[in-house]
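Right, one structure below, let's go through it.
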Amino acid sequence: MTESEWCLYTSRVVRPALSLLVVSVVARSALAQDARVDFLDRQLKAATDTRVRTQTLLLLGKTSSAAAVPPLCAALKDGDGVVRSAAATALGDLRLPQSVACLKSALPASRADERATIEHALELGAVEAGSLYLSLDPVEDKQAGLTEDARQLANKVLREKLAGMGATFAPPNEGKQAASALVRQRNLKSYQLKVQFMPGSSANGMKVEMLISTYPEASLKGSWNVKASGPKPESLIKAMVPRLIDDAAGDLDWKR
């Protein structure tokens, strides 16, 4: 028997057995998750304390089970605002098409103070596997003499350029545990960016530097910088920031 014949033979015998094993493991995992959802659902219905109901909802959001969507959707209509916010957060944590659909249907009727929570949950629910996930620090002025308007322009140009590359942005106060779980679950390319402007070597010169670390571990990947000169800081910002992102994107393979 030749080597190629042996390989063909083993693939025919081993792969079906392996497939059966994988199916069996997945089936048991799904059953365990459904049992957990049933338990949490019963606990949610029986609980009268707001703290218990809130915690139960957040736990439902960690199950990754579609069976958790109905009780979470129902909780969006709860009489307690804290409970409604927890339900929205949990639906975002599920990151399932059903949970995203529920949040979208609830958004038009949501109260003004809860709209931001639902919108953020929708943003997290839309994070695609393998996509670019970024935590952005506010742009800093290191004695470059930027006005507040110029600094805000730099933040705007930065976010628009990255969004155009398909990036999703982490919330400002995202916990390390939640970020790690999302990155691991979706196999995301995740980084933290810190952009700062400094004086250039000439009178009208400016330098912009970007420090990039892994997110949320904060392990430094490197720094990139661009220098330019000109009479208008706004024009420099619009030219330098996209160039800075393009340079880093090429080195770190951020393309779609």
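If you're wondering about the labels, chains in the structure tokens are A, B, ... by order shown, residues count from 1 in each chain, ligands from 1 in order shown.
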Inset, instruction - Identify, on the basis of only C-alpha atoms, every residue whose closest approach to Gln152 in chain A does not exceed 10 Å; exclude the query and any residue fewer than 5 positions from it along the same chain; express the result as number ranges by chain. - result: A: 138-139, 146-147, 157-158
Inset, instruction - For range 230-236 of chain A, work out the shell of residues within 12 Å, counting only C-alpha atoms and skipping chain neighbours fewer than 3 positions away, then give it as a ChimeraX atom specification. - result: /A:144-157,197-208,226-227,239-244
Legend entry - Residue contacts of Pro71 in chain A (10 Å, only C-alpha atoms) excluding same-chain residues fewer than 6 positions away, as a VMD selection string: chain A and resid 37 to 38 40 to 42 44 to 45 57 60 87
Legend entry - Asp251 in chain A environment, 12 Å, only C-alpha atoms, sequence neighbours closer than 2 positions dropped, as a PyMOL selection string: chain A and resi 212+221-224+244-249+253-255
Inset, instruction - Rank nothing, just name the residue among A:Ser131, A:Asn173, A:Asn225, A:Gln143 nearest to Arg186 in chain A, using only C-alpha atoms. - result: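 When distances to Arg186 in chain A are compared using only C-alpha atoms, the smallest one comes from A:Ser131.
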Inset, instruction - Would you please extract all alpha helix (DSSP H) residues from range 75-114 of chain A, as assigned by DSSP on the backbone, and give them as number ranges by chain? - result: A: 75, 81-94, 97-106, 112-114
Legend entry - Atom-to-atom span, CA of Ser213 in chain A and CA of Ala121 in chain A, Å: 24.9 Å
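In this model, the gap between CA of Leu59 in chain A and CA of Lys104 in chain A comes to 21.3 Å.
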Inset, instruction - Take CA of Gly130 in chain A and CA of Asn187 in chain A and report the distance between them in Å, one decimal. - result: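 Distance between the two atoms: 5.2 Å.
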Legend entry - All residues 12 Å or closer to Lys77 in chain A, only C-alpha atoms, same chain fewer than 4 positions away omitted, as JSON, numbers by chain: {"A": [70, 71, 72, 73, 81, 82, 83, 84, 85, 86, 87, 88, 102, 103, 105, 106, 107, 109, 110, 111, 114]}
